[in-house]
Amino acid sequence: MSAQERLTDALYGIGWGTVKKLPEPVAVRLGNMIADAAWKRRGKSVRRLESNYARVVPGASPERLAELSRAGMRSYLRYWMESFRLPSYSAERMKTGFDPKGVHHLTDALASDRGVVLALPHLGNWDRAGAWVTTKLETPFTTVAERLKPEKLYDRFVAYREGLGMEVLPHSGGSAFGTLARRLRDGGLVCLVADRDLSASGVEVEFFGDTARMPAGPALLAQQTGAFLLPVTLWYDDSPVMQGRVHPPVEVPEAGTKAEKTSVMTQALADAFASGIAEHPEDWHMLQRLWLADLEPRPSDGDQP
């Protein structure tokens, strides 16, 4: 493990070990202080966040974008502070800390025993929503996590999410899709963050007027297993309770090839995500490049690496 990886792991360890013990008002103030300090430095992640917001809010003035990026960093740190503290929440607080609209789409789908895929963007706190599912609905689910460096940090995330009632599969390795399909065929629930493709096999979609690439997995799983595919969007308001919406099911088209059906379904997910992001842009924690026009070009065979 490199020195940088040891430092990263130590910092996250301090977060999980210390922040959850702080009085909540102190933790909130600390999160805002860290967010504001990062925002004032205007590092690469903050500049990318602001650039992404410029696509979501076209025509926004520089002042408006600066306001959004500051609010976005505060929302992002709220996500982390809540995540550090979630394991210390009572079951009652997990049940009452999230207030989703349209939840009948989820409960009706779960009652069908066909299996359910929930697809979410990086909005709000998806771990908090997951804890609500495992406590309020008493429904365990399976998810996939990007394998982080160092390995100890990835293990921390797995242990944290498993402690909230989630089964966590690594994104890499190639076996996750088959396991997810088996869980769905058994009538289970799968939750996937699906607004950013981490592979070379994503689906191109129109997203806020330009082309982005999103994962094909949710649509393919729904096609191959017959599971419901439900988009979910999350956001914060001024209360301690996180808000959310379960959108109507994305249907599998009756005609077309597998690729064509996957494209149509993934575009429907992108449209649902866009509706939630447009209403609450400051809660979209996309600090990375997303649109194809923003991605760094890969070197061709004749180029130097």
# chains A, B, ... in the order shown; residues from 1 in each chain; ligands from 1
$ residues_around --residues "A:Leu86" --least-positions-apart "3" --cutoff "12 Å" --atoms "only C-alpha atoms" --output "PyMOL selection string"
chain A and resi 15-17+19-21+24+78-83+89-95+97+125-132+160-161+163-164
$ write_last_selection --atoms "N, CA and C atoms" --output "short mmCIF file (atom, residue, chain, number, x, y, z; two decimals), in the first residue's frame"
data_model
loop_
_atom_site.label_atom_id
_atom_site.label_comp_id
_atom_site.auth_asym_id
_atom_site.auth_seq_id
_atom_site.Cartn_x
_atom_site.Cartn_y
_atom_site.Cartn_z
N GLY A 15 -12.99 9.33 9.99
CA GLY A 15 -14.37 9.75 9.76
C GLY A 15 -15.37 8.80 10.37
N TRP A 16 -15.23 7.50 10.07
CA TRP A 16 -16.17 6.54 10.62
C TRP A 16 -16.05 6.40 12.13
N GLY A 17 -14.83 6.55 12.64
CA GLY A 17 -14.65 6.36 14.07
C GLY A 17 -14.99 7.56 14.91
N VAL A 19 -16.65 10.94 13.58
CA VAL A 19 -17.80 11.78 13.23
C VAL A 19 -19.10 11.25 13.82
N LYS A 20 -19.24 9.91 13.84
CA LYS A 20 -20.50 9.36 14.35
C LYS A 20 -20.68 9.61 15.85
N LYS A 21 -19.59 9.97 16.53
CA LYS A 21 -19.68 10.23 17.97
C LYS A 21 -19.97 11.70 18.28
N GLU A 24 -24.94 15.93 16.70
CA GLU A 24 -25.33 16.18 15.32
C GLU A 24 -25.10 17.62 14.87
N ARG A 78 -22.69 16.64 3.27
CA ARG A 78 -23.80 16.12 4.07
C ARG A 78 -23.94 14.62 3.83
N TYR A 79 -23.79 14.21 2.56
CA TYR A 79 -23.83 12.77 2.26
C TYR A 79 -22.79 12.03 3.09
N TRP A 80 -21.55 12.53 3.11
CA TRP A 80 -20.50 11.83 3.84
C TRP A 80 -20.75 11.85 5.34
N MET A 81 -21.15 12.99 5.89
CA MET A 81 -21.39 13.05 7.32
C MET A 81 -22.52 12.11 7.72
N GLU A 82 -23.58 12.07 6.93
CA GLU A 82 -24.67 11.14 7.22
C GLU A 82 -24.19 9.69 7.12
N SER A 83 -23.39 9.41 6.09
CA SER A 83 -22.92 8.04 5.91
C SER A 83 -22.04 7.60 7.07
N TYR A 89 -27.38 5.28 13.85
CA TYR A 89 -28.79 5.64 13.89
C TYR A 89 -29.62 4.48 14.44
N SER A 90 -30.67 4.82 15.16
CA SER A 90 -31.61 3.79 15.60
C SER A 90 -32.43 3.32 14.40
N ALA A 91 -33.02 2.14 14.54
CA ALA A 91 -33.88 1.62 13.48
C ALA A 91 -35.04 2.59 13.21
N GLU A 92 -35.56 3.20 14.27
CA GLU A 92 -36.67 4.14 14.11
C GLU A 92 -36.24 5.34 13.29
N ARG A 93 -35.03 5.85 13.54
CA ARG A 93 -34.57 7.01 12.77
C ARG A 93 -34.34 6.64 11.31
N MET A 94 -33.85 5.45 11.05
CA MET A 94 -33.68 5.02 9.66
C MET A 94 -35.02 4.93 8.96
N LYS A 95 -36.05 4.50 9.69
CA LYS A 95 -37.38 4.37 9.09
C LYS A 95 -38.01 5.73 8.80
N GLY A 97 -36.30 8.74 8.53
CA GLY A 97 -35.39 9.73 7.97
C GLY A 97 -35.46 9.89 6.47
N ASN A 125 -28.50 10.95 -0.79
CA ASN A 125 -27.75 9.91 -0.09
C ASN A 125 -28.39 8.56 -0.37
N TRP A 126 -27.85 7.84 -1.32
CA TRP A 126 -28.42 6.55 -1.71
C TRP A 126 -28.23 5.52 -0.62
N ASP A 127 -27.20 5.64 0.23
CA ASP A 127 -27.06 4.70 1.35
C ASP A 127 -28.19 4.89 2.36
N ARG A 128 -28.57 6.15 2.59
CA ARG A 128 -29.66 6.41 3.54
C ARG A 128 -30.97 5.85 2.99
N ALA A 129 -31.21 5.98 1.69
CA ALA A 129 -32.39 5.39 1.09
C ALA A 129 -32.35 3.87 1.21
N GLY A 130 -31.16 3.30 1.02
CA GLY A 130 -31.03 1.86 1.16
C GLY A 130 -31.31 1.38 2.58
N ALA A 131 -30.85 2.15 3.57
CA ALA A 131 -31.13 1.77 4.96
C ALA A 131 -32.63 1.83 5.25
N TRP A 132 -33.34 2.77 4.61
CA TRP A 132 -34.80 2.85 4.76
C TRP A 132 -35.46 1.59 4.18
N TYR A 160 -19.44 -1.55 5.97
CA TYR A 160 -20.42 -0.51 6.33
C TYR A 160 -21.77 -0.81 5.69
N ARG A 161 -21.78 -1.11 4.39
CA ARG A 161 -23.05 -1.35 3.71
C ARG A 161 -23.67 -2.68 4.11
N GLY A 163 -23.45 -3.87 7.01
CA GLY A 163 -24.03 -3.59 8.32
C GLY A 163 -25.39 -2.93 8.24
N LEU A 164 -25.69 -2.31 7.08
CA LEU A 164 -27.00 -1.70 6.87
C LEU A 164 -27.99 -2.66 6.21
#
$ residues_around --residues "stretch 202-213 of chain A" --least-positions-apart "3" --cutoff "8 Å" --atoms "only C-alpha atoms" --output "PyMOL selection string"
chain A and resi 55-56+196-199+216+262-263+266-267+270-271+274+290-293
$ residues_around --residues "A:Pro170" --least-positions-apart "3" --cutoff "7 Å" --atoms "only C-alpha atoms" --output "number ranges by chain"
A: 144-147, 176
$ write_last_selection --atoms "all heavy atoms" --output "compact mmCIF listing (two decimals), in the first residue's frame"
# COMPACT_ATOMS: atom_id res chain seq x y z
N VAL A 144 -23.88 -3.16 -6.11
CA VAL A 144 -22.53 -3.31 -6.66
C VAL A 144 -21.73 -2.08 -6.26
O VAL A 144 -22.24 -0.95 -6.32
CB VAL A 144 -22.57 -3.46 -8.19
CG1 VAL A 144 -21.16 -3.49 -8.77
CG2 VAL A 144 -23.33 -4.72 -8.58
N ALA A 145 -20.49 -2.28 -5.86
CA ALA A 145 -19.63 -1.17 -5.46
C ALA A 145 -18.35 -1.19 -6.29
O ALA A 145 -17.79 -2.26 -6.56
CB ALA A 145 -19.28 -1.25 -3.98
N GLU A 146 -17.90 0.00 -6.69
CA GLU A 146 -16.63 0.12 -7.38
C GLU A 146 -15.52 -0.28 -6.42
O GLU A 146 -15.50 0.12 -5.26
CB GLU A 146 -16.44 1.57 -7.84
CG GLU A 146 -15.15 1.82 -8.59
CD GLU A 146 -15.02 3.27 -9.02
OE1 GLU A 146 -15.93 4.07 -8.71
OE2 GLU A 146 -14.01 3.61 -9.65
N ARG A 147 -14.59 -1.09 -6.91
CA ARG A 147 -13.48 -1.53 -6.05
C ARG A 147 -12.51 -0.38 -5.86
O ARG A 147 -11.89 0.09 -6.81
CB ARG A 147 -12.76 -2.74 -6.65
CG ARG A 147 -11.77 -3.37 -5.68
CD ARG A 147 -11.17 -4.64 -6.25
NE ARG A 147 -12.11 -5.74 -6.25
CZ ARG A 147 -12.39 -6.49 -5.19
NH1 ARG A 147 -11.84 -6.23 -4.02
NH2 ARG A 147 -13.24 -7.49 -5.28
N ALA A 176 -20.53 -10.18 -11.30
CA ALA A 176 -21.62 -9.48 -10.62
C ALA A 176 -22.94 -9.63 -11.37
O ALA A 176 -23.98 -9.84 -10.75
CB ALA A 176 -21.27 -8.00 -10.45
$ atom_distance --atom1 "atom CA of A:Pro240" --atom2 "atom CA of A:Val133"
17.8 Å
$ select_by_dssp --residues "stretch 190-241 of chain A" --states "alpha helix (DSSP H)" --output "list in words"
Gly217, Pro218, Ala219, Leu220, Leu221, Ala222, Gln223, Gln224 and Thr225 of chain A
$ write_last_selection --atoms "C-alpha atoms" --output "mmCIF file, in the first residue's frame"
data_model
loop_
_atom_site.group_PDB
_atom_site.id
_atom_site.type_symbol
_atom_site.label_atom_id
_atom_site.label_comp_id
_atom_site.auth_asym_id
_atom_site.auth_seq_id
_atom_site.Cartn_x
_atom_site.Cartn_y
_atom_site.Cartn_z
ATOM 1 C CA GLY A 217 -26.810 -3.251 -16.744
ATOM 2 C CA PRO A 218 -30.191 -2.128 -15.334
ATOM 3 C CA ALA A 219 -31.959 -2.449 -18.689
ATOM 4 C CA LEU A 220 -30.281 -5.766 -19.513
ATOM 5 C CA LEU A 221 -31.160 -7.234 -16.126
ATOM 6 C CA ALA A 222 -34.814 -6.240 -16.559
ATOM 7 C CA GLN A 223 -34.914 -7.772 -20.043
ATOM 8 C CA GLN A 224 -33.235 -11.042 -19.121
ATOM 9 C CA THR A 225 -35.055 -11.700 -15.844
#
$ closest_residue --among "A:Lys258, A:Arg85, A:His285, A:His247" --to "A:Ala272" --atoms "only C-alpha atoms"
A:His247
$ residues_around --residues "A:Leu123" --least-positions-apart "2" --cutoff "8 Å" --atoms "only C-alpha atoms" --output "PDB file with all heavy atoms, in the first residue's frame"
ATOM      1  N   LEU A 120     -30.597   4.513  -9.668  1.00  0.00           N
ATOM      2  CA  LEU A 120     -30.507   5.854  -9.093  1.00  0.00           C
ATOM      3  C   LEU A 120     -29.334   6.615  -9.692  1.00  0.00           C
ATOM      4  O   LEU A 120     -28.323   6.017 -10.043  1.00  0.00           O
ATOM      5  CB  LEU A 120     -30.296   5.790  -7.574  1.00  0.00           C
ATOM      6  CG  LEU A 120     -31.243   4.980  -6.702  1.00  0.00           C
ATOM      7  CD1 LEU A 120     -30.785   3.527  -6.593  1.00  0.00           C
ATOM      8  CD2 LEU A 120     -31.316   5.586  -5.310  1.00  0.00           C
ATOM      9  N   PRO A 121     -29.436   7.943  -9.762  1.00  0.00           N
ATOM     10  CA  PRO A 121     -28.264   8.770 -10.039  1.00  0.00           C
ATOM     11  C   PRO A 121     -27.555   9.125  -8.732  1.00  0.00           C
ATOM     12  O   PRO A 121     -28.019   8.772  -7.645  1.00  0.00           O
ATOM     13  CB  PRO A 121     -28.863  10.012 -10.699  1.00  0.00           C
ATOM     14  CG  PRO A 121     -30.202  10.154 -10.037  1.00  0.00           C
ATOM     15  CD  PRO A 121     -30.673   8.759  -9.710  1.00  0.00           C
ATOM     16  N   ASN A 125     -28.504  10.949  -0.794  1.00  0.00           N
ATOM     17  CA  ASN A 125     -27.750   9.913  -0.094  1.00  0.00           C
ATOM     18  C   ASN A 125     -28.392   8.562  -0.369  1.00  0.00           C
ATOM     19  O   ASN A 125     -29.385   8.187   0.262  1.00  0.00           O
ATOM     20  CB  ASN A 125     -27.714  10.199   1.409  1.00  0.00           C
ATOM     21  CG  ASN A 125     -26.763   9.280   2.152  1.00  0.00           C
ATOM     22  OD1 ASN A 125     -26.499   8.169   1.723  1.00  0.00           O
ATOM     23  ND2 ASN A 125     -26.256   9.752   3.279  1.00  0.00           N
ATOM     24  N   TRP A 126     -27.854   7.841  -1.319  1.00  0.00           N
ATOM     25  CA  TRP A 126     -28.423   6.554  -1.715  1.00  0.00           C
ATOM     26  C   TRP A 126     -28.233   5.517  -0.621  1.00  0.00           C
ATOM     27  O   TRP A 126     -29.036   4.587  -0.507  1.00  0.00           O
ATOM     28  CB  TRP A 126     -27.821   6.075  -3.039  1.00  0.00           C
ATOM     29  CG  TRP A 126     -26.346   6.305  -3.180  1.00  0.00           C
ATOM     30  CD1 TRP A 126     -25.340   5.409  -2.986  1.00  0.00           C
ATOM     31  CD2 TRP A 126     -25.706   7.523  -3.563  1.00  0.00           C
ATOM     32  NE1 TRP A 126     -24.123   5.998  -3.205  1.00  0.00           N
ATOM     33  CE2 TRP A 126     -24.311   7.289  -3.565  1.00  0.00           C
ATOM     34  CE3 TRP A 126     -26.183   8.795  -3.905  1.00  0.00           C
ATOM     35  CZ2 TRP A 126     -23.381   8.276  -3.892  1.00  0.00           C
ATOM     36  CZ3 TRP A 126     -25.250   9.776  -4.228  1.00  0.00           C
ATOM     37  CH2 TRP A 126     -23.876   9.519  -4.232  1.00  0.00           C
ATOM     38  N   THR A 233     -35.209   9.013  -7.723  1.00  0.00           N
ATOM     39  CA  THR A 233     -34.448  10.251  -7.537  1.00  0.00           C
ATOM     40  C   THR A 233     -34.577  10.691  -6.078  1.00  0.00           C
ATOM     41  O   THR A 233     -35.602  10.459  -5.436  1.00  0.00           O
ATOM     42  CB  THR A 233     -34.934  11.367  -8.472  1.00  0.00           C
ATOM     43  OG1 THR A 233     -36.362  11.515  -8.373  1.00  0.00           O
ATOM     44  CG2 THR A 233     -34.571  11.038  -9.919  1.00  0.00           C
ATOM     45  N   LEU A 234     -33.521  11.320  -5.563  1.00  0.00           N
ATOM     46  CA  LEU A 234     -33.432  11.707  -4.164  1.00  0.00           C
ATOM     47  C   LEU A 234     -33.036  13.171  -4.070  1.00  0.00           C
ATOM     48  O   LEU A 234     -32.371  13.700  -4.961  1.00  0.00           O
ATOM     49  CB  LEU A 234     -32.375  10.866  -3.436  1.00  0.00           C
ATOM     50  CG  LEU A 234     -32.437   9.348  -3.606  1.00  0.00           C
ATOM     51  CD1 LEU A 234     -31.198   8.702  -3.000  1.00  0.00           C
ATOM     52  CD2 LEU A 234     -33.695   8.789  -2.963  1.00  0.00           C
ATOM     53  N   TRP A 235     -33.415  13.827  -2.974  1.00  0.00           N
ATOM     54  CA  TRP A 235     -32.973  15.198  -2.766  1.00  0.00           C
ATOM     55  C   TRP A 235     -33.150  15.564  -1.294  1.00  0.00           C
ATOM     56  O   TRP A 235     -33.841  14.898  -0.540  1.00  0.00           O
ATOM     57  CB  TRP A 235     -33.750  16.174  -3.646  1.00  0.00           C
ATOM     58  CG  TRP A 235     -35.210  16.310  -3.350  1.00  0.00           C
ATOM     59  CD1 TRP A 235     -35.805  17.204  -2.503  1.00  0.00           C
ATOM     60  CD2 TRP A 235     -36.283  15.513  -3.892  1.00  0.00           C
ATOM     61  NE1 TRP A 235     -37.171  17.038  -2.496  1.00  0.00           N
ATOM     62  CE2 TRP A 235     -37.495  15.996  -3.342  1.00  0.00           C
ATOM     63  CE3 TRP A 235     -36.338  14.444  -4.802  1.00  0.00           C
ATOM     64  CZ2 TRP A 235     -38.724  15.453  -3.653  1.00  0.00           C
ATOM     65  CZ3 TRP A 235     -37.570  13.891  -5.110  1.00  0.00           C
ATOM     66  CH2 TRP A 235     -38.741  14.396  -4.545  1.00  0.00           C
ATOM     67  N   ILE A 277     -32.652  15.741 -11.280  1.00  0.00           N
ATOM     68  CA  ILE A 277     -31.458  16.591 -11.200  1.00  0.00           C
ATOM     69  C   ILE A 277     -31.811  18.033 -11.536  1.00  0.00           C
ATOM     70  O   ILE A 277     -31.311  18.972 -10.896  1.00  0.00           O
ATOM     71  CB  ILE A 277     -30.367  16.046 -12.144  1.00  0.00           C
ATOM     72  CG1 ILE A 277     -29.863  14.690 -11.630  1.00  0.00           C
ATOM     73  CG2 ILE A 277     -29.211  17.034 -12.265  1.00  0.00           C
ATOM     74  CD1 ILE A 277     -29.026  13.924 -12.638  1.00  0.00           C
ATOM     75  N   ASP A 283     -28.002  18.844  -5.334  1.00  0.00           N
ATOM     76  CA  ASP A 283     -27.876  17.551  -4.673  1.00  0.00           C
ATOM     77  C   ASP A 283     -27.332  16.471  -5.593  1.00  0.00           C
ATOM     78  O   ASP A 283     -27.290  15.296  -5.211  1.00  0.00           O
ATOM     79  CB  ASP A 283     -29.236  17.118  -4.100  1.00  0.00           C
ATOM     80  CG  ASP A 283     -29.676  17.999  -2.945  1.00  0.00           C
ATOM     81  OD1 ASP A 283     -28.804  18.403  -2.159  1.00  0.00           O
ATOM     82  OD2 ASP A 283     -30.882  18.300  -2.843  1.00  0.00           O
ATOM     83  N   TRP A 284     -26.918  16.855  -6.797  1.00  0.00           N
ATOM     84  CA  TRP A 284     -26.298  15.899  -7.726  1.00  0.00           C
ATOM     85  C   TRP A 284     -24.794  15.958  -7.527  1.00  0.00           C
ATOM     86  O   TRP A 284     -24.152  16.950  -7.839  1.00  0.00           O
ATOM     87  CB  TRP A 284     -26.670  16.256  -9.165  1.00  0.00           C
ATOM     88  CG  TRP A 284     -26.254  15.230 -10.173  1.00  0.00           C
ATOM     89  CD1 TRP A 284     -26.334  13.877 -10.076  1.00  0.00           C
ATOM     90  CD2 TRP A 284     -25.712  15.499 -11.478  1.00  0.00           C
ATOM     91  NE1 TRP A 284     -25.879  13.268 -11.226  1.00  0.00           N
ATOM     92  CE2 TRP A 284     -25.488  14.246 -12.098  1.00  0.00           C
ATOM     93  CE3 TRP A 284     -25.394  16.664 -12.168  1.00  0.00           C
ATOM     94  CZ2 TRP A 284     -24.964  14.136 -13.387  1.00  0.00           C
ATOM     95  CZ3 TRP A 284     -24.875  16.557 -13.445  1.00  0.00           C
ATOM     96  CH2 TRP A 284     -24.664  15.310 -14.040  1.00  0.00           C
ATOM     97  N   HIS A 285     -24.227  14.893  -7.014  1.00  0.00           N
ATOM     98  CA  HIS A 285     -22.817  14.874  -6.625  1.00  0.00           C
ATOM     99  C   HIS A 285     -21.976  14.268  -7.749  1.00  0.00           C
ATOM    100  O   HIS A 285     -21.361  13.212  -7.575  1.00  0.00           O
ATOM    101  CB  HIS A 285     -22.640  14.066  -5.334  1.00  0.00           C
ATOM    102  CG  HIS A 285     -23.579  14.476  -4.253  1.00  0.00           C
ATOM    103  ND1 HIS A 285     -24.133  13.591  -3.353  1.00  0.00           N
ATOM    104  CD2 HIS A 285     -24.086  15.700  -3.922  1.00  0.00           C
ATOM    105  CE1 HIS A 285     -24.917  14.232  -2.514  1.00  0.00           C
ATOM    106  NE2 HIS A 285     -24.926  15.516  -2.847  1.00  0.00           N
TER     107      HIS A 285
END
